[in-house]
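Undergrad: This is structure-v6.txt, which holds compact mmCIF, C-alpha atoms:
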# COMPACT_ATOMS: atom_id res chain seq x y z
CA MET A 1 33.97 33.83 -66.69
CA SER A 2 37.64 34.19 -65.71
CA GLY A 3 38.74 35.76 -68.99
CA TYR A 4 35.87 38.25 -68.95
CA PHE A 5 36.58 39.43 -65.40
CA PRO A 6 40.36 39.36 -64.89
CA GLU A 7 40.02 42.12 -62.28
CA SER A 8 37.56 40.16 -60.09
CA ASN A 9 40.05 39.28 -57.32
CA ASN A 10 40.75 42.96 -56.70
CA ILE A 11 37.11 44.05 -56.63
CA PHE A 12 35.36 41.29 -54.69
CA PHE A 13 36.03 39.64 -51.35
CA PRO A 14 38.19 36.59 -52.20
CA ALA A 15 35.90 34.26 -50.21
CA SER A 16 32.95 35.17 -52.46
CA ILE A 17 35.03 34.49 -55.58
CA GLU A 18 36.12 31.09 -54.23
CA CYS A 19 32.46 30.04 -53.94
CA PHE A 20 32.18 30.13 -57.74
CA LYS A 21 35.47 28.50 -58.65
CA ASN A 22 36.14 24.98 -59.84
CA ASN A 23 39.73 23.94 -60.65
CA ASP A 24 40.69 27.64 -60.56
CA ASP A 25 38.11 28.50 -63.24
CA LEU A 26 35.54 31.16 -62.35
CA TYR A 27 31.95 30.27 -63.29
CA ALA A 28 29.97 33.22 -61.88
CA ILE A 29 30.42 36.79 -60.67
CA PRO A 30 29.31 37.28 -57.05
CA ARG A 31 26.58 39.68 -55.99
CA ASP A 32 26.72 38.96 -52.27
CA PHE A 33 28.04 36.47 -49.79
CA SER A 34 26.26 34.80 -46.92
CA ASN A 35 27.58 33.57 -43.61
CA LEU A 36 25.79 32.91 -40.34
CA VAL A 37 26.18 35.08 -37.27
CA LEU A 38 24.77 35.05 -33.76
CA TYR A 39 22.00 37.59 -33.28
CA TYR A 40 21.49 38.47 -29.63
CA ASN A 41 18.90 40.20 -27.48
CA LYS A 42 20.84 42.96 -25.70
CA ASP A 43 18.19 43.33 -23.01
CA ILE A 44 18.38 39.66 -22.03
CA LEU A 45 22.17 39.63 -22.01
CA LYS A 46 22.30 42.76 -19.85
CA ALA A 47 19.85 41.17 -17.41
CA HIS A 48 22.30 38.28 -17.02
CA ASN A 49 25.30 40.62 -16.65
CA ILE A 50 26.95 39.35 -19.81
CA GLU A 51 29.45 41.83 -21.20
CA LEU A 52 28.69 43.44 -24.55
CA PRO A 53 29.58 43.31 -27.37
CA LEU A 54 29.34 39.56 -27.14
CA LYS A 55 32.49 37.56 -27.89
CA ILE A 56 32.60 33.77 -27.92
CA GLU A 57 35.78 31.67 -28.02
CA ASN A 58 34.51 28.22 -29.04
CA ILE A 59 31.37 26.07 -29.20
CA ASN A 60 31.80 24.95 -25.58
CA ASP A 61 31.87 28.59 -24.56
CA LEU A 62 28.74 29.15 -26.68
CA GLN A 63 26.95 26.29 -24.91
CA HIS A 64 27.98 27.72 -21.53
CA ILE A 65 26.60 31.17 -22.40
CA ALA A 66 23.36 29.67 -23.74
CA LYS A 67 22.93 27.76 -20.46
CA LYS A 68 23.35 30.98 -18.49
CA LEU A 69 20.76 32.71 -20.68
CA THR A 70 18.08 30.03 -20.36
CA THR A 71 15.15 30.71 -18.02
CA PRO A 72 11.53 29.52 -17.81
CA GLU A 73 10.63 32.56 -19.96
CA TYR A 74 13.08 32.03 -22.82
CA PHE A 75 15.64 29.65 -24.33
CA GLY A 76 19.33 30.37 -24.69
CA ILE A 77 19.74 29.57 -28.40
CA ASN A 78 17.98 28.07 -31.42
CA SER A 79 18.28 24.51 -32.69
CA GLU A 80 17.59 23.52 -36.30
CA ASP A 81 17.61 20.25 -38.22
CA ASN A 82 18.82 22.02 -41.38
CA PRO A 83 22.54 21.26 -41.99
CA LEU A 84 23.06 24.90 -42.97
CA PHE A 85 22.93 25.74 -39.25
CA TRP A 86 24.49 22.80 -37.43
CA SER A 87 27.36 22.39 -39.89
CA TYR A 88 28.79 25.57 -38.34
CA TYR A 89 29.31 23.72 -35.06
CA LEU A 90 31.19 20.95 -36.86
CA ALA A 91 33.44 23.28 -38.86
CA SER A 92 34.18 25.44 -35.82
CA ASN A 93 35.34 22.32 -33.98
CA GLY A 94 37.72 21.33 -36.79
CA GLY A 95 35.31 18.87 -38.39
CA GLY A 96 32.66 19.07 -41.07
CA ILE A 97 30.36 17.04 -43.28
CA LEU A 98 32.51 16.62 -46.38
CA SER A 99 36.22 17.27 -46.83
CA ASP A 100 37.18 20.54 -48.51
CA ASP A 101 38.02 18.70 -51.74
CA VAL A 102 34.62 16.92 -51.58
CA LYS A 103 36.31 13.54 -51.94
CA SER A 104 35.53 12.05 -48.54
CA VAL A 105 32.96 12.07 -45.75
CA ILE A 106 34.22 13.52 -42.46
CA ILE A 107 30.99 13.75 -40.47
CA ASN A 108 32.03 10.59 -38.60
CA SER A 109 35.37 12.10 -37.54
CA LYS A 110 36.15 12.67 -33.86
CA GLN A 111 35.84 16.46 -34.16
CA SER A 112 32.52 16.23 -36.01
CA MET A 113 31.01 13.77 -33.55
CA GLU A 114 32.08 15.91 -30.58
CA ALA A 115 30.26 18.87 -32.12
CA LEU A 116 27.18 16.82 -33.05
CA ASN A 117 26.85 15.54 -29.50
CA LEU A 118 27.20 19.05 -28.12
CA TYR A 119 24.55 20.27 -30.56
CA ALA A 120 22.14 17.47 -29.64
CA ASP A 121 22.73 18.02 -25.91
CA MET A 122 21.58 21.62 -26.16
CA SER A 123 17.98 20.59 -26.71
CA LYS A 124 17.89 17.00 -25.41
CA LYS A 125 20.04 17.14 -22.27
CA TYR A 126 20.29 20.75 -21.14
CA HIS A 127 17.07 22.10 -22.71
CA ILE A 128 18.74 25.39 -23.58
CA ALA A 129 17.46 25.13 -27.18
CA PRO A 130 13.79 24.50 -27.99
CA SER A 131 12.67 21.12 -29.27
CA LYS A 132 10.49 20.81 -32.36
CA SER A 133 7.37 20.48 -30.21
CA GLN A 134 8.31 23.59 -28.24
CA ILE A 135 8.82 25.57 -31.43
CA GLY A 136 5.40 24.46 -32.65
CA SER A 137 4.05 26.36 -35.66
CA MET A 138 6.54 29.19 -35.21
CA THR A 139 10.03 29.47 -36.60
CA THR A 140 12.99 30.03 -34.31
CA ALA A 141 13.40 33.46 -35.95
CA GLN A 142 9.88 34.30 -34.76
CA MET A 143 10.81 33.08 -31.30
CA PHE A 144 13.72 35.52 -31.29
CA ILE A 145 11.43 38.34 -32.46
CA ASN A 146 9.00 37.49 -29.63
CA GLY A 147 11.74 37.54 -26.99
CA LYS A 148 11.68 33.77 -26.50
CA LEU A 149 15.30 33.26 -27.61
CA ALA A 150 18.36 35.05 -26.25
CA LEU A 151 20.62 34.00 -29.14
CA TYR A 152 19.68 33.20 -32.71
CA LEU A 153 22.06 31.70 -35.28
CA GLY A 154 20.99 32.98 -38.68
CA GLY A 155 21.98 34.67 -41.92
CA ARG A 156 21.88 38.20 -43.26
CA TRP A 157 18.57 37.56 -45.02
CA ILE A 158 16.69 37.93 -41.72
CA VAL A 159 17.88 41.50 -41.04
CA PRO A 160 15.05 43.37 -42.86
CA LYS A 161 12.46 41.32 -40.94
CA PHE A 162 14.20 41.97 -37.63
CA LYS A 163 14.38 45.70 -38.37
CA GLU A 164 10.65 45.81 -39.03
CA THR A 165 9.42 43.73 -36.11
CA ILE A 166 11.84 43.68 -33.15
CA SER A 167 11.04 46.05 -30.28
CA PHE A 168 14.15 45.38 -28.15
CA ASP A 169 17.81 46.27 -28.64
CA TRP A 170 19.73 43.67 -30.63
CA ASP A 171 23.06 43.17 -32.32
CA ILE A 172 25.26 40.43 -33.80
CA ALA A 173 28.32 38.47 -32.70
CA ALA A 174 30.66 36.23 -34.66
CA PHE A 175 30.16 32.49 -34.47
CA PRO A 176 33.34 31.11 -32.86
CA ALA A 177 36.04 30.46 -35.45
CA SER A 178 39.83 30.41 -35.67
CA ASP A 179 42.67 29.10 -37.82
CA ASN A 180 41.88 25.62 -36.46
CA GLY A 181 38.10 25.87 -36.72
CA LYS A 182 36.47 27.57 -39.69
CA VAL A 183 33.01 28.81 -40.62
CA TYR A 184 31.31 28.38 -43.99
CA VAL A 185 30.49 31.04 -46.56
CA ASP A 186 28.17 30.84 -49.55
CA ALA A 187 27.49 33.35 -52.30
CA SER A 188 24.91 34.45 -54.86
CA GLY A 189 25.83 35.80 -58.26
CA TRP A 190 25.47 35.84 -62.02
CA ALA A 191 26.54 33.31 -64.62
CA ILE A 192 26.10 33.02 -68.38
CA SER A 193 24.80 29.95 -70.15
CA SER A 194 27.36 28.16 -72.30
CA LYS A 195 24.59 27.94 -74.93
CA SER A 196 23.98 31.69 -75.01
CA LYS A 197 23.87 33.13 -78.54
CA HIS A 198 24.78 36.59 -77.21
CA LYS A 199 27.68 36.05 -74.84
CA ASN A 200 29.24 39.48 -75.39
CA GLU A 201 25.98 41.24 -74.60
CA ALA A 202 25.44 38.97 -71.59
CA VAL A 203 28.91 39.83 -70.28
CA LYS A 204 28.12 43.54 -70.55
CA PHE A 205 24.91 43.01 -68.60
CA VAL A 206 26.68 41.03 -65.89
CA LYS A 207 29.32 43.77 -65.67
CA TYR A 208 26.51 46.28 -65.06
CA LEU A 209 24.82 44.06 -62.46
CA ALA A 210 28.15 43.60 -60.69
CA SER A 211 29.00 47.31 -60.76
CA LYS A 212 29.22 49.37 -57.59
CA GLU A 213 26.16 51.38 -58.63
CA SER A 214 24.06 48.24 -59.00
CA ILE A 215 25.36 46.43 -55.91
CA ASP A 216 24.78 49.52 -53.76
CA GLU A 217 21.11 49.45 -54.80
CA PHE A 218 20.80 45.76 -53.96
CA ALA A 219 22.33 46.40 -50.53
CA LYS A 220 20.04 49.28 -49.50
CA SER A 221 17.36 46.94 -48.16
CA GLY A 222 19.83 45.39 -45.74
CA LEU A 223 19.01 41.96 -47.18
CA ILE A 224 22.50 41.22 -48.50
CA ILE A 225 26.15 41.69 -47.66
CA PRO A 226 27.71 42.97 -50.90
CA ALA A 227 30.50 40.92 -52.40
CA ARG A 228 32.16 44.11 -53.66
CA LYS A 229 34.69 45.47 -51.18
CA ASP A 230 33.97 49.11 -52.04
CA SER A 231 30.19 48.72 -51.68
CA ILE A 232 30.20 47.28 -48.20
CA PHE A 233 32.62 49.77 -46.73
CA ALA A 234 30.80 52.70 -48.33
CA ILE A 235 27.50 51.54 -46.85
CA GLN A 236 28.99 51.06 -43.40
CA SER A 237 30.65 54.49 -43.36
CA GLU A 238 27.54 56.25 -44.61
CA ASN A 239 25.22 54.69 -42.04
CA LYS A 240 26.95 54.58 -38.68
CA THR A 241 23.62 54.08 -36.87
CA ALA A 242 22.68 51.03 -38.91
CA VAL A 243 21.21 47.99 -37.18
CA PRO A 244 22.89 45.69 -36.39
CA GLU A 245 25.55 47.96 -34.91
CA HIS A 246 28.43 45.58 -35.62
CA ASN A 247 27.74 44.94 -39.32
CA ILE A 248 31.49 44.65 -39.81
CA ILE A 249 31.36 41.20 -38.21
CA PHE A 250 30.01 39.74 -41.46
CA THR A 251 33.21 40.72 -43.25
CA ASP A 252 35.50 40.12 -40.27
CA MET A 253 34.42 36.48 -40.26
CA LEU A 254 35.71 36.02 -43.80
CA LYS A 255 39.27 35.63 -42.50
CA TYR A 256 38.16 32.27 -41.03
CA ALA A 257 35.67 31.34 -43.77
CA LYS A 258 35.74 28.71 -46.49
CA PRO A 259 33.17 27.75 -49.16
CA THR A 260 30.73 25.03 -48.21
CA PRO A 261 32.02 21.79 -49.83
CA VAL A 262 29.37 20.73 -52.37
CA ASN A 263 29.05 18.73 -55.56
CA GLU A 264 26.30 18.07 -58.11
CA ASN A 265 24.64 15.56 -55.75
CA TYR A 266 24.72 17.75 -52.66
CA SER A 267 20.96 18.36 -52.59
CA VAL A 268 20.52 14.60 -52.04
CA VAL A 269 23.25 14.60 -49.37
CA ASP A 270 21.51 17.54 -47.73
CA ASP A 271 18.22 15.63 -47.56
CA ILE A 272 19.96 12.68 -45.89
CA LEU A 273 21.63 14.96 -43.33
CA LYS A 274 18.38 16.71 -42.45
CA GLU A 275 16.57 13.40 -42.04
CA LYS A 276 19.32 12.06 -39.76
CA MET A 277 19.41 15.21 -37.64
CA GLN A 278 15.64 14.99 -37.14
CA ILE A 279 16.16 11.48 -35.77
CA ILE A 280 18.95 12.68 -33.45
CA LEU A 281 16.93 15.61 -32.09
CA GLU A 282 13.63 13.76 -31.74
CA SER A 283 14.76 10.41 -30.30
CA ASN A 284 17.18 8.91 -27.80
CA LYS A 285 19.57 7.89 -30.54
CA THR A 286 23.09 9.32 -30.55
CA PRO A 287 24.94 10.84 -33.54
CA GLU A 288 27.27 7.83 -33.54
CA THR A 289 24.41 5.37 -34.01
CA VAL A 290 22.51 7.52 -36.51
CA PHE A 291 25.52 8.18 -38.72
CA ASP A 292 26.39 4.51 -38.88
CA GLU A 293 28.51 2.74 -41.48
CA LYS A 294 25.55 2.22 -43.81
CA THR A 295 24.71 5.95 -43.80
CA ILE A 296 28.33 6.96 -44.34
CA LYS A 297 28.61 4.61 -47.33
CA LYS A 298 25.39 6.01 -48.76
CA ILE A 299 26.79 9.55 -48.61
CA GLU A 300 30.13 8.36 -50.02
CA SER A 301 28.30 6.90 -53.03
CA LEU A 302 27.11 10.42 -53.86
CA LEU A 303 30.59 11.94 -53.99
For the structure just supplied, provide its representation as structure tokens.
TA:
Amino acid sequence: MSGYFPESNNIFFPASIECFKNNDDLYAIPRDFSNLVLYYNKDILKAHNIELPLKIENINDLQHIAKKLTTPEYFGINSEDNPLFWSYYLASNGGGILSDDVKSVIINSKQSMEALNLYADMSKKYHIAPSKSQIGSMTTAQMFINGKLALYLGGRWIVPKFKETISFDWDIAAFPASDNGKVYVDASGWAISSKSKHKNEAVKFVKYLASKESIDEFAKSGLIIPARKDSIFAIQSENKTAVPEHNIIFTDMLKYAKPTPVNENYSVVDDILKEKMQIILESNKTPETVFDEKTIKKIESLL
């Protein structure tokens, strides 16, 4: 798509463009980008005398705040077995699952294991995140809605639901990230089949879908964060009372964001990771023993 959209780098947030590149070739035009943020219950934080807006330096600081926010009535933060969520802890700590060039496995690195142990400790050792049995038939998003979670790590897609159902004051904070510890960003967009018999017409249609007029319409529901720079800033300036108040955090985080390293076999890798995290969270086994040499070699065979 590079030749059809030479102006793309000037129109879209660079991080969203990078999500669709391979060897500097652009394969899709972004509609929106997705990163995870920390949603927080303002009422609970105020009750614990935590200063707002919430700012968190690193994952150890996050664990400390979640401990402070945990009471018999509610948990400090959510815990998920889906790698989409816990990979943020690894990346923030300078580690990750796969290297940025997707040529090696780094989940067994020192930085990754430190983060995995911290993540497991939240539910197993300190009980500041709910276990699977404590979540029951609910989702952790529902627990946040019901006031049973002080902090919830989630994506933009949950905003419309929160707007409809939450009765307390809430806002968002950035997941801790820096030059030394990144966060991940993913994107959705439009591509054209190489077998298309009407490529020129398809390009025109994609140009319309990617236009400011079209993206603004997609963004009205609050479901997405537009990949177009002019769309997001126009929406923010037009709706100063929008919830969450600090919408700008989604774009501010892009300065420390990088695309999630994936390849054509990543869905299989993802299944392995989820299975292993379930073992870690639901047994006495440690990340070091679960991600043993055999598991690492299995993931390496998929690269």
Undergrad: Give the answer as one residue: which of A:Tyr4, A:Phe162, A:Tyr126, A:Phe291 has the shortest atom-to-atom distance to Lys67 in chain A, using only C-alpha atoms?
TA: A:Tyr126
Undergrad: For Tyr74 in chain A, which of A:Val102, A:Ile135, A:Leu116, A:Ala150 is the closest residue, counting all atoms listed in the file?
TA: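 Between A:Val102, A:Ile135, A:Leu116, A:Ala150, the residue approaching Tyr74 in chain A most closely is A:Ala150.
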Undergrad: So which residues touch Tyr40 in chain A within 6 Å, counting all atoms listed in the file, skipping near sequence neighbours fewer than 3 positions away, as a ChimeraX atom specification?
TA: /A:150-151,170-172
Undergrad: Need to verify the contact set: Ala210 in chain A, 8 Å, all atoms listed in the file, exclusion of same-chain residues closer than 6 positions in sequence. Can you return it as a list of chain:residue names?
TA: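 With the cut-off at 8 Å, the set is A:Ile29, A:Pro30, A:Arg31.
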Undergrad: May I have the residues within 12 Å of Thr286 in chain A as a ChimeraX atom specification, using all atoms listed in the file and disregarding those fewer than 3 positions away in the same chain?
TA: /A:113-114,116-121,124-125,276-283,289-292
Undergrad: Take every atom of range 150-163 of chain A listed in the file, pad by 8 Å on each side, and give me the axis-aligned box centre and edge lengths in Å, one decimal, as AutoDock Vina command-line options.
TA:
--center_x 17.3 --center_y 38.7 --center_z -35.6 --size_x 25.6 --size_y 30.0 --size_z 34.8
Undergrad: Can you tell me, as a ChimeraX atom specification, what residues are no more than 8 Å from Asn58 in chain A when counting all atoms listed in the file, ignoring any on the same chain fewer than 6 positions away?
TA: /A:92-93,176-177
Undergrad: If I take CA of Pro259 in chain A and CA of Val185 in chain A, how far is one from the other in Å, to one decimal?
TA: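 Separation of CA of Pro259 in chain A and CA of Val185 in chain A: 5.0 Å.
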Undergrad: Which one of A:Tyr184, A:Asp24, A:Gly136, A:Lys195 sits closest to Leu90 in chain A if you count all atoms listed in the file?
TA: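 Nearest candidate to Leu90 in chain A out of A:Tyr184, A:Asp24, A:Gly136, A:Lys195: A:Tyr184.
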Undergrad: I'd like the interatomic distance between CA of Ile158 in chain A and CA of Leu26 in chain A, to a tenth of an Å.
TA: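 Distance between the two atoms: 28.8 Å.
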Undergrad: Using only C-alpha atoms, determine which residues lie at most 8 Å from Lys212 in chain A, disregarding the query and same-chain residues fewer than 6 positions distant; provide the list as a list in words.
TA: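 Returned residues: Arg228, Asp230 and Ser231 of chain A.
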Undergrad: Once you have the residues from the selection above, write them out as a short mmCIF file (atom, residue, chain, number, x, y, z; two decimals), in the coordinates of the input, restricted to C-alpha atoms.
TA:
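For reference, result_34.cif as written:
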data_model
loop_
_atom_site.label_atom_id
_atom_site.label_comp_id
_atom_site.auth_asym_id
_atom_site.auth_seq_id
_atom_site.Cartn_x
_atom_site.Cartn_y
_atom_site.Cartn_z
CA ARG A 228 32.16 44.11 -53.66
CA ASP A 230 33.97 49.11 -52.04
CA SER A 231 30.19 48.72 -51.68
#
